[in-house]
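The data block below is protein-v4.cif; it holds mmCIF, C-alpha atoms.
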```cif
data_final
#
loop_
_atom_site.label_atom_id
_atom_site.label_comp_id
_atom_site.auth_asym_id
_atom_site.auth_seq_id
_atom_site.Cartn_x
_atom_site.Cartn_y
_atom_site.Cartn_z
CA MET A 1 -34.91 -21.49 54.05
CA GLY A 2 -32.57 -23.27 56.47
CA ARG A 3 -30.33 -26.23 55.81
CA GLY A 4 -33.00 -28.93 55.46
CA ASN A 5 -35.98 -29.26 53.19
CA PRO A 6 -38.97 -27.17 54.35
CA ILE A 7 -42.05 -28.92 55.69
CA PHE A 8 -45.59 -27.95 54.66
CA ILE A 9 -48.65 -29.00 56.69
CA ASP A 10 -52.31 -28.31 55.98
CA GLU A 11 -54.58 -27.81 59.03
CA PRO A 12 -52.50 -29.65 61.66
CA GLU A 13 -55.22 -28.97 64.26
CA LEU A 14 -57.58 -31.54 62.75
CA PHE A 15 -58.64 -34.28 65.17
CA LEU A 16 -56.59 -32.78 68.02
CA HIS A 17 -58.04 -31.40 71.25
CA PRO A 18 -56.71 -27.99 72.46
CA GLN A 19 -53.97 -29.37 74.71
CA ALA A 20 -52.71 -31.63 71.93
CA GLN A 21 -52.66 -28.67 69.53
CA ARG A 22 -50.51 -26.62 71.89
CA ASN A 23 -48.17 -29.56 72.39
CA PHE A 24 -47.92 -30.11 68.64
CA TYR A 25 -47.06 -26.42 68.26
CA LYS A 26 -44.19 -26.89 70.75
CA ILE A 27 -43.01 -29.95 68.85
CA LEU A 28 -43.00 -28.06 65.55
CA ARG A 29 -40.98 -25.18 67.06
CA LYS A 30 -38.45 -27.58 68.57
CA LEU A 31 -38.16 -29.49 65.30
CA ALA A 32 -37.53 -26.29 63.33
CA GLU A 33 -34.99 -24.86 65.79
CA GLU A 34 -32.98 -28.04 66.35
CA ASN A 35 -32.80 -28.99 62.69
CA ASP A 36 -32.53 -25.50 61.16
CA ILE A 37 -35.51 -25.98 58.88
CA GLN A 38 -38.60 -23.94 58.14
CA ILE A 39 -42.07 -25.30 58.76
CA PHE A 40 -45.09 -23.78 57.05
CA TYR A 41 -48.64 -24.66 58.02
CA ILE A 42 -52.12 -23.35 57.37
CA ALA A 43 -54.30 -23.32 60.48
CA HIS A 44 -57.61 -22.00 61.75
CA SER A 45 -56.81 -22.52 65.42
CA PRO A 46 -55.57 -19.98 67.99
CA TYR A 47 -53.72 -22.82 69.73
CA LEU A 48 -51.23 -23.02 66.88
CA ILE A 49 -50.01 -19.43 66.96
CA SER A 50 -48.04 -17.39 69.50
CA LEU A 51 -48.44 -13.73 70.36
CA GLU A 52 -44.82 -13.61 71.43
CA ASN A 53 -43.72 -14.78 67.98
CA PHE A 54 -46.16 -12.57 66.09
CA ASP A 55 -43.66 -12.04 63.28
CA GLU A 56 -44.07 -15.69 62.30
CA ILE A 57 -47.78 -15.21 61.62
CA PHE A 58 -48.96 -14.49 58.07
CA ALA A 59 -52.65 -13.58 58.12
CA VAL A 60 -54.60 -14.33 54.95
CA ARG A 61 -57.34 -11.75 54.53
CA LYS A 62 -59.82 -10.86 51.81
CA THR A 63 -61.65 -7.72 50.76
CA LYS A 64 -63.83 -6.87 47.79
CA GLU A 65 -61.34 -4.26 46.62
CA LYS A 66 -58.13 -6.28 46.91
CA GLY A 67 -59.24 -9.88 46.78
CA THR A 68 -57.11 -12.32 48.81
CA TYR A 69 -53.82 -11.06 50.25
CA ILE A 70 -51.38 -11.62 53.11
CA ARG A 71 -50.43 -9.31 55.97
CA ASN A 72 -47.64 -9.87 58.48
CA ALA A 73 -45.62 -7.86 60.99
CA ASP A 74 -41.93 -6.96 61.01
CA VAL A 75 -40.32 -6.76 64.47
CA ASP A 76 -37.83 -4.13 63.26
CA LYS A 77 -40.70 -1.78 62.44
CA PHE A 78 -41.97 -2.08 66.02
CA ILE A 79 -38.48 -1.38 67.37
CA LYS A 80 -38.15 1.74 65.21
CA ASP A 81 -41.65 2.88 66.17
CA LEU A 82 -40.76 2.60 69.86
CA LYS A 83 -37.60 4.62 69.33
CA ILE A 84 -39.43 7.38 67.44
CA ARG A 85 -42.35 7.60 69.84
CA MET A 86 -40.63 7.23 73.19
CA GLY A 87 -36.91 7.43 72.55
CA ILE A 88 -36.48 3.87 73.85
CA ASP A 89 -33.82 1.60 72.39
CA SER A 90 -34.95 -1.99 72.21
CA ASP A 91 -34.18 -5.20 70.39
CA GLU A 92 -36.13 -8.21 69.15
CA GLU A 93 -35.72 -10.21 72.36
CA LYS A 94 -36.90 -7.39 74.64
CA LEU A 95 -39.80 -6.38 72.42
CA LYS A 96 -41.08 -9.94 72.16
CA LEU A 97 -40.72 -10.34 75.91
CA TYR A 98 -43.03 -7.38 76.48
CA TYR A 99 -45.60 -8.84 74.11
CA LYS A 100 -45.29 -12.19 75.87
CA ASN A 101 -45.88 -10.47 79.19
CA ALA A 102 -48.86 -8.53 77.83
CA PHE A 103 -50.30 -11.77 76.46
CA GLU A 104 -49.91 -13.60 79.76
CA GLN A 105 -51.29 -10.70 81.79
CA THR A 106 -54.49 -10.30 79.78
CA ALA A 107 -56.14 -13.16 81.71
CA ASP A 108 -57.93 -13.64 78.39
CA SER A 109 -55.14 -15.09 76.32
CA LEU A 110 -57.34 -17.20 74.03
CA SER A 111 -59.30 -14.17 72.83
CA SER A 112 -56.09 -12.27 72.14
CA LEU A 113 -55.08 -15.10 69.79
CA GLU A 114 -58.57 -15.50 68.31
CA ALA A 115 -58.31 -11.85 67.29
CA PHE A 116 -55.87 -12.80 64.51
CA PHE A 117 -58.74 -14.71 62.87
CA ALA A 118 -61.37 -12.00 63.48
CA LYS A 119 -62.80 -9.56 60.97
CA LYS A 120 -62.82 -6.86 63.63
CA VAL A 121 -61.68 -6.51 67.24
CA ILE A 122 -63.04 -4.66 70.26
CA LEU A 123 -60.27 -3.77 72.71
CA VAL A 124 -61.27 -3.15 76.34
CA GLU A 125 -59.41 -2.73 79.60
CA GLY A 126 -60.84 -5.33 81.96
CA GLU A 127 -63.33 -7.94 83.07
CA SER A 128 -66.23 -5.52 83.64
CA GLU A 129 -66.42 -4.63 79.96
CA THR A 130 -66.01 -8.21 78.74
CA LEU A 131 -69.00 -9.27 80.86
CA ILE A 132 -71.30 -6.29 80.35
CA LEU A 133 -70.77 -5.45 76.67
CA PRO A 134 -71.92 -8.89 75.37
CA TYR A 135 -74.99 -8.64 77.62
CA PHE A 136 -75.95 -5.24 76.21
CA PHE A 137 -75.15 -6.33 72.64
CA GLU A 138 -77.56 -9.23 73.05
CA LYS A 139 -80.28 -6.87 74.30
CA ILE A 140 -80.06 -4.72 71.17
CA GLY A 141 -79.85 -7.74 68.85
CA PHE A 142 -76.20 -7.35 67.91
CA ASP A 143 -74.70 -10.81 67.37
CA TYR A 144 -71.07 -9.78 67.40
CA ILE A 145 -69.84 -13.38 67.37
CA LYS A 146 -71.77 -14.11 64.17
CA GLU A 147 -70.15 -11.01 62.68
CA LYS A 148 -66.72 -12.52 63.48
CA ILE A 149 -65.86 -9.86 66.04
CA THR A 150 -63.65 -10.68 69.03
CA ILE A 151 -63.57 -8.79 72.33
CA VAL A 152 -60.06 -8.71 73.79
CA LYS A 153 -59.45 -7.83 77.43
CA CYS A 154 -56.05 -6.12 77.49
CA GLY A 155 -55.62 -5.99 81.26
CA SER A 156 -55.12 -2.23 81.61
CA LYS A 157 -55.26 1.01 79.66
CA ASN A 158 -51.48 0.96 79.34
CA GLU A 159 -51.67 -2.23 77.26
CA LEU A 160 -54.41 -1.10 74.86
CA ASP A 161 -52.06 0.64 72.45
CA ARG A 162 -49.74 -2.39 72.38
CA PHE A 163 -52.52 -4.65 71.13
CA HIS A 164 -53.91 -1.95 68.84
CA ARG A 165 -50.55 -1.50 67.10
CA LEU A 166 -50.16 -5.24 66.67
CA TYR A 167 -53.59 -6.01 65.23
CA SER A 168 -53.48 -2.94 62.99
CA GLU A 169 -50.21 -4.20 61.53
CA PHE A 170 -52.14 -7.27 60.37
CA GLY A 171 -54.86 -5.06 58.87
CA ILE A 172 -57.43 -5.97 61.54
CA PRO A 173 -59.78 -3.06 62.37
CA CYS A 174 -60.02 -2.25 66.08
CA PHE A 175 -62.62 -0.35 68.10
CA VAL A 176 -61.24 0.68 71.49
CA ILE A 177 -63.13 1.39 74.73
CA PHE A 178 -61.13 2.96 77.53
CA ASP A 179 -61.32 5.12 80.66
CA GLY A 180 -60.06 8.69 80.61
CA ASP A 181 -59.50 8.45 84.37
CA ARG A 182 -60.05 12.11 85.15
CA ASN A 183 -61.14 10.92 88.60
CA LYS A 184 -57.83 9.20 89.33
CA GLU A 185 -54.73 10.47 91.10
CA ASN A 186 -51.90 12.04 89.12
CA GLU A 187 -54.01 13.87 86.56
CA GLU A 188 -50.99 14.99 84.53
CA GLU A 189 -49.89 11.39 84.08
CA GLN A 190 -53.38 10.45 82.90
CA LYS A 191 -53.26 13.30 80.39
CA ARG A 192 -49.95 12.02 79.04
CA ILE A 193 -51.26 8.46 78.66
CA ASN A 194 -54.48 9.65 77.00
CA ASN A 195 -52.70 11.95 74.58
CA GLU A 196 -50.29 9.21 73.53
CA PHE A 197 -53.24 6.96 72.85
CA PHE A 198 -55.10 9.70 70.96
CA ASP A 199 -52.06 9.82 68.68
CA VAL A 200 -52.35 6.09 67.98
CA LEU A 201 -56.07 6.48 67.27
CA ARG A 202 -55.37 9.42 64.91
CA GLU A 203 -57.51 11.67 67.09
CA THR A 204 -56.65 15.32 66.39
CA GLU A 205 -59.63 17.19 67.84
CA ILE A 206 -59.56 16.03 71.46
CA LYS A 207 -56.74 16.34 74.00
CA ASN A 208 -56.04 15.35 77.61
CA PHE A 209 -59.32 13.58 78.39
CA PRO A 210 -61.96 11.93 76.18
CA ASN A 211 -65.43 13.45 76.34
CA GLY A 212 -67.57 10.32 76.35
CA GLU A 213 -68.53 10.74 72.69
CA VAL A 214 -68.50 7.65 70.49
CA ARG A 215 -65.92 8.38 67.81
CA LYS A 216 -65.27 6.48 64.58
CA ASN A 217 -62.86 3.97 66.13
CA TYR A 218 -63.12 4.42 69.89
CA LEU A 219 -65.19 5.40 72.91
CA GLY A 220 -63.32 7.08 75.74
CA PHE A 221 -65.12 7.83 78.99
CA GLU A 222 -64.11 11.09 80.64
CA TYR A 223 -63.99 9.35 84.01
CA ASP A 224 -64.48 5.60 83.76
CA PHE A 225 -66.82 2.77 82.77
CA ASN A 226 -68.54 2.72 86.17
CA CYS A 227 -69.27 6.44 86.07
CA ALA A 228 -70.73 6.10 82.56
CA LEU A 229 -73.09 3.39 83.83
CA LYS A 230 -74.13 5.64 86.70
CA GLU A 231 -74.88 8.48 84.26
CA THR A 232 -77.08 6.06 82.30
CA GLY A 233 -79.21 5.50 85.40
CA PHE A 234 -77.73 2.47 87.14
CA LYS A 235 -77.46 2.69 90.93
CA ASP A 236 -74.69 1.61 93.30
CA VAL A 237 -72.24 1.10 90.45
CA TYR A 238 -69.93 4.05 91.13
CA ASN A 239 -68.28 5.18 94.35
CA GLU A 240 -67.90 8.90 93.80
CA SER A 241 -65.91 9.55 96.97
CA ASN A 242 -63.47 6.72 96.17
CA PRO A 243 -63.71 5.50 92.55
CA LYS A 244 -61.20 2.72 93.23
CA GLU A 245 -63.77 1.10 95.51
CA SER A 246 -66.43 0.95 92.77
CA PRO A 247 -67.65 -2.61 92.04
CA LYS A 248 -65.84 -4.43 89.25
CA GLY A 249 -66.16 -7.63 87.26
CA LEU A 250 -68.92 -10.07 88.14
CA LYS A 251 -70.16 -7.95 91.04
CA LEU A 252 -70.72 -5.01 88.71
CA PHE A 253 -72.25 -7.20 86.02
CA LEU A 254 -74.85 -8.61 88.41
CA LYS A 255 -75.81 -5.12 89.60
CA VAL A 256 -76.25 -3.95 86.01
CA LYS A 257 -78.12 -7.06 84.87
CA ASN A 258 -80.56 -7.04 87.79
CA GLN A 259 -81.36 -3.35 87.39
CA ALA A 260 -81.59 -3.55 83.60
CA GLU A 261 -84.12 -6.35 83.73
CA ASP A 262 -86.09 -4.86 86.64
CA SER A 263 -86.81 -1.71 84.66
CA LEU A 264 -90.59 -1.19 84.53
CA GLU A 265 -90.81 -0.06 80.92
CA LYS A 266 -88.00 -1.78 79.03
CA VAL A 267 -84.51 -3.13 79.52
CA LEU A 268 -82.18 -0.32 80.48
CA VAL A 269 -79.40 -0.08 77.91
CA PRO A 270 -76.97 2.86 77.58
CA LYS A 271 -77.50 4.80 74.36
CA TRP A 272 -73.81 4.51 73.55
CA ILE A 273 -74.18 0.75 73.08
CA ALA A 274 -76.15 1.23 69.86
CA GLU A 275 -73.70 3.93 68.80
CA ILE A 276 -70.78 1.55 69.35
CA ARG A 277 -72.51 -1.05 67.19
CA LYS A 278 -72.96 1.42 64.36
CA LYS A 279 -69.33 2.56 64.49
CA ILE A 280 -68.06 -1.02 64.54
CA GLU A 281 -70.22 -1.95 61.56
CA ASN A 282 -68.81 1.07 59.71
CA LEU A 283 -65.17 0.18 60.36
CA PRO A 284 -63.30 -0.57 57.13
CA GLN A 285 -62.54 -4.15 56.18
CA GLU A 286 -58.85 -3.42 56.47
CA VAL A 287 -56.80 -0.79 58.28
CA LYS A 288 -53.31 0.47 57.66
CA SER A 289 -50.28 0.43 59.90
CA VAL A 290 -50.17 2.91 62.79
CA LEU A 291 -46.45 2.41 63.43
CA LYS A 292 -44.31 5.51 63.08
CA ARG A 293 -41.40 5.56 60.65
CA GLU A 294 -38.50 7.92 60.19
CA ASN A 295 -38.95 10.78 57.71
CA MET A 296 -42.68 10.13 57.44
CA LYS A 297 -44.77 12.74 55.73
CA GLU A 298 -48.21 13.44 57.13
CA LYS A 299 -49.97 11.80 54.17
CA GLU A 300 -47.81 8.70 54.63
CA LEU A 301 -48.84 8.03 58.23
CA MET A 302 -51.33 5.42 57.11
CA GLU A 303 -49.19 3.67 54.50
CA TYR A 304 -48.32 -0.02 54.83
CA ASP A 305 -46.81 -2.91 52.94
CA ASP A 306 -48.61 -6.12 52.08
CA LEU A 307 -48.10 -9.20 49.98
CA SER A 308 -50.91 -9.78 47.49
CA PHE A 309 -51.68 -12.94 45.54
#
```

Would you mind writing the structure in this file as structure tokens?
Amino acid sequence: MGRGNPIFIDEPELFLHPQAQRNFYKILRKLAEENDIQIFYIAHSPYLISLENFDEIFAVRKTKEKGTYIRNADVDKFIKDLKIRMGIDSDEEKLKLYYKNAFEQTADSLSSLEAFFAKKVILVEGESETLILPYFFEKIGFDYIKEKITIVKCGSKNELDRFHRLYSEFGIPCFVIFDGDRNKENEEEQKRINNEFFDVLRETEIKNFPNGEVRKNYLGFEYDFNCALKETGFKDVYNESNPKESPKGLKLFLKVKNQAEDSLEKVLVPKWIAEIRKKIENLPQEVKSVLKRENMKEKELMEYDDLSF
């Protein structure tokens, strides 16, 4: 507990604007470190937590089956998981540095923190998905915000599994949308990346490249998001001769929006949007850890520890 008396604070974010909340968070950290005391606070604000220091977060969750309980993450388990999966030796400082870098490179840092308060999370690679998915969800009447679902832009496919492992450790269900990148250079490298991610997703039936089918917890496009939009019927959204030159972000969104709303019969929406909605609605209220442990039996792959009230 440290040398001094612990401090307990209830909802320190009250009456503070975002910048003041972040500054107060810095003050609390400095106070704890310089005086060797522990500070506990209950908050509903993403400005008062840190992705880098994820092991200091204790998420209070509730399900019909378990009632109210607490989930948190142990850095040592992540270090052991990394060693088992990739043979990489790491330590707490290095591992947290990578999470700090991932957080700062998302270009969507607030959403990555909001996810700790979400009931469910949708993980995507980049800006195109974060612009287009909400548009399509609105067109089919899916109010994902009302359902307490957060869309997190991870920055690249290589970062998806990092966020997935973290949120899963807190029991937060994730639905992942990613590109298989069959159309990219270095096909063998893409196979390796995809297969490693299939392992995280507990996918045992598909290897090398996803097939574009909406699965229970993910949708992987065989090629990429742009190609999937082209196959739906959108024009000028995919450069077949040079996929890297395909429009991205706002440019792609405007092309999709204009064509969708100019459709003569009805708004053009990919069929997989409704399928995604159904799969997300069917995700469990809580998921188990996906971190690997030594001497794990197959039936223990989904086991986890929690603290219940």

Find the axis-aligned box for region 202-207 of chain A, covering all its listed atoms and adding 4 Å on each side, and write its centre and edge lengths in Å to one decimal as lines of an AutoDock Vina configuration file.
```
center_x = -57.5
center_y = 13.3
center_z = 69.5
size_x = 12.3
size_y = 15.8
size_z = 17.1
```

Hey, what comes out of the PyMOL selection byres ((chain A and resi 160-174) around 7) on this file? Could you write it as a list in words?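 When the PyMOL selection byres ((chain A and resi 160-174) around 7) is applied to the shown file, the picked residues are Ala59, Arg71, Asn72, Ala73, Lys119, Lys120, Val121, Ile122, Leu123, Cys154, Ser156, Lys157, Asn158, Glu159, Phe175, Val176, Phe197, Asn217, Leu283, Pro284, Gln285, Glu286, Val287, Lys288, Ser289, Val290 and Leu291 of chain A.
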
Work out how far apart CA of Lys230 (chain A) and CA of Arg192 (chain A) are and give it in Å to one decimal.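 That distance, rounded to one decimal, is 26.2 Å.
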
One decimal, Å: what's the distance from CA of Asn195 (chain A) over to CA of Glu213 (chain A), could you say?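 Between CA of Asn195 (chain A) and CA of Glu213 (chain A) the gap works out to 16.0 Å.
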
Which residues would end up in the selection if the PyMOL selection byres ((chain A and resi 36) around 10) were applied here, given that I need the answer as a PyMOL selection string? chain A and resi 1-6+30-35+37-39

Check what the PyMOL selection byres ((chain A and resi 83-85) around 12) selects in the file above and give those residues as JSON, numbers by chain. {"A": [76, 77, 78, 79, 80, 81, 82, 86, 87, 88, 89, 90, 91, 95, 196, 197, 199, 200, 290, 291, 292, 293, 294, 295, 296]}

Shortest interatomic distance to Ala102 (chain A) - which of A:Arg61, A:Lys139, A:Lys153, A:Arg277, counting only C-alpha atoms: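 Using only C-alpha atoms, the shortest distance to Ala102 (chain A) belongs to A:Lys153.
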
Quick one: pull the distance between CA of Lys244 (chain A) and CA of Asp179 (chain A), Å, one decimal. 12.8 Å

Counting all atoms listed in the file, give me one row per residue of region 40-123 of chain A with an atom at most 10 Å from an atom of region 8-22 of chain A, showing the shortest contact pair and its distance in Å to one decimal, sorted by chain then residue number, as a Markdown table.
```
| residue | atom | partner | partner_atom | distance |
| --- | --- | --- | --- | --- |
| A:Phe40 | CA | A:Phe8 | CA | 4.8 |
| A:Tyr41 | CA | A:Ile9 | CA | 4.5 |
| A:Ile42 | CA | A:Asp10 | CA | 5.2 |
| A:Ala43 | CA | A:Glu11 | CA | 4.7 |
| A:His44 | CA | A:Glu11 | CA | 7.1 |
| A:Ser45 | CA | A:Glu13 | CA | 6.7 |
| A:Pro46 | CA | A:Arg22 | CA | 9.2 |
| A:Tyr47 | CA | A:Arg22 | CA | 5.4 |
| A:Leu48 | CA | A:Arg22 | CA | 6.2 |
| A:Ile49 | CA | A:Arg22 | CA | 8.7 |
| A:Ser50 | CA | A:Arg22 | CA | 9.8 |
```

Preceding selection exported with C-alpha atoms as a PDB file, in the coordinates of the input:
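Wrote it out as selection-v7.pdb, contents follow:
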```pdb
ATOM      1  CA  PHE A  40     -45.090 -23.780  57.050  1.00  0.00           C
ATOM      2  CA  TYR A  41     -48.640 -24.660  58.020  1.00  0.00           C
ATOM      3  CA  ILE A  42     -52.120 -23.350  57.370  1.00  0.00           C
ATOM      4  CA  ALA A  43     -54.300 -23.320  60.480  1.00  0.00           C
ATOM      5  CA  HIS A  44     -57.610 -22.000  61.750  1.00  0.00           C
ATOM      6  CA  SER A  45     -56.810 -22.520  65.420  1.00  0.00           C
ATOM      7  CA  PRO A  46     -55.570 -19.980  67.990  1.00  0.00           C
ATOM      8  CA  TYR A  47     -53.720 -22.820  69.730  1.00  0.00           C
ATOM      9  CA  LEU A  48     -51.230 -23.020  66.880  1.00  0.00           C
ATOM     10  CA  ILE A  49     -50.010 -19.430  66.960  1.00  0.00           C
ATOM     11  CA  SER A  50     -48.040 -17.390  69.500  1.00  0.00           C
TER      12      SER A  50
END
```
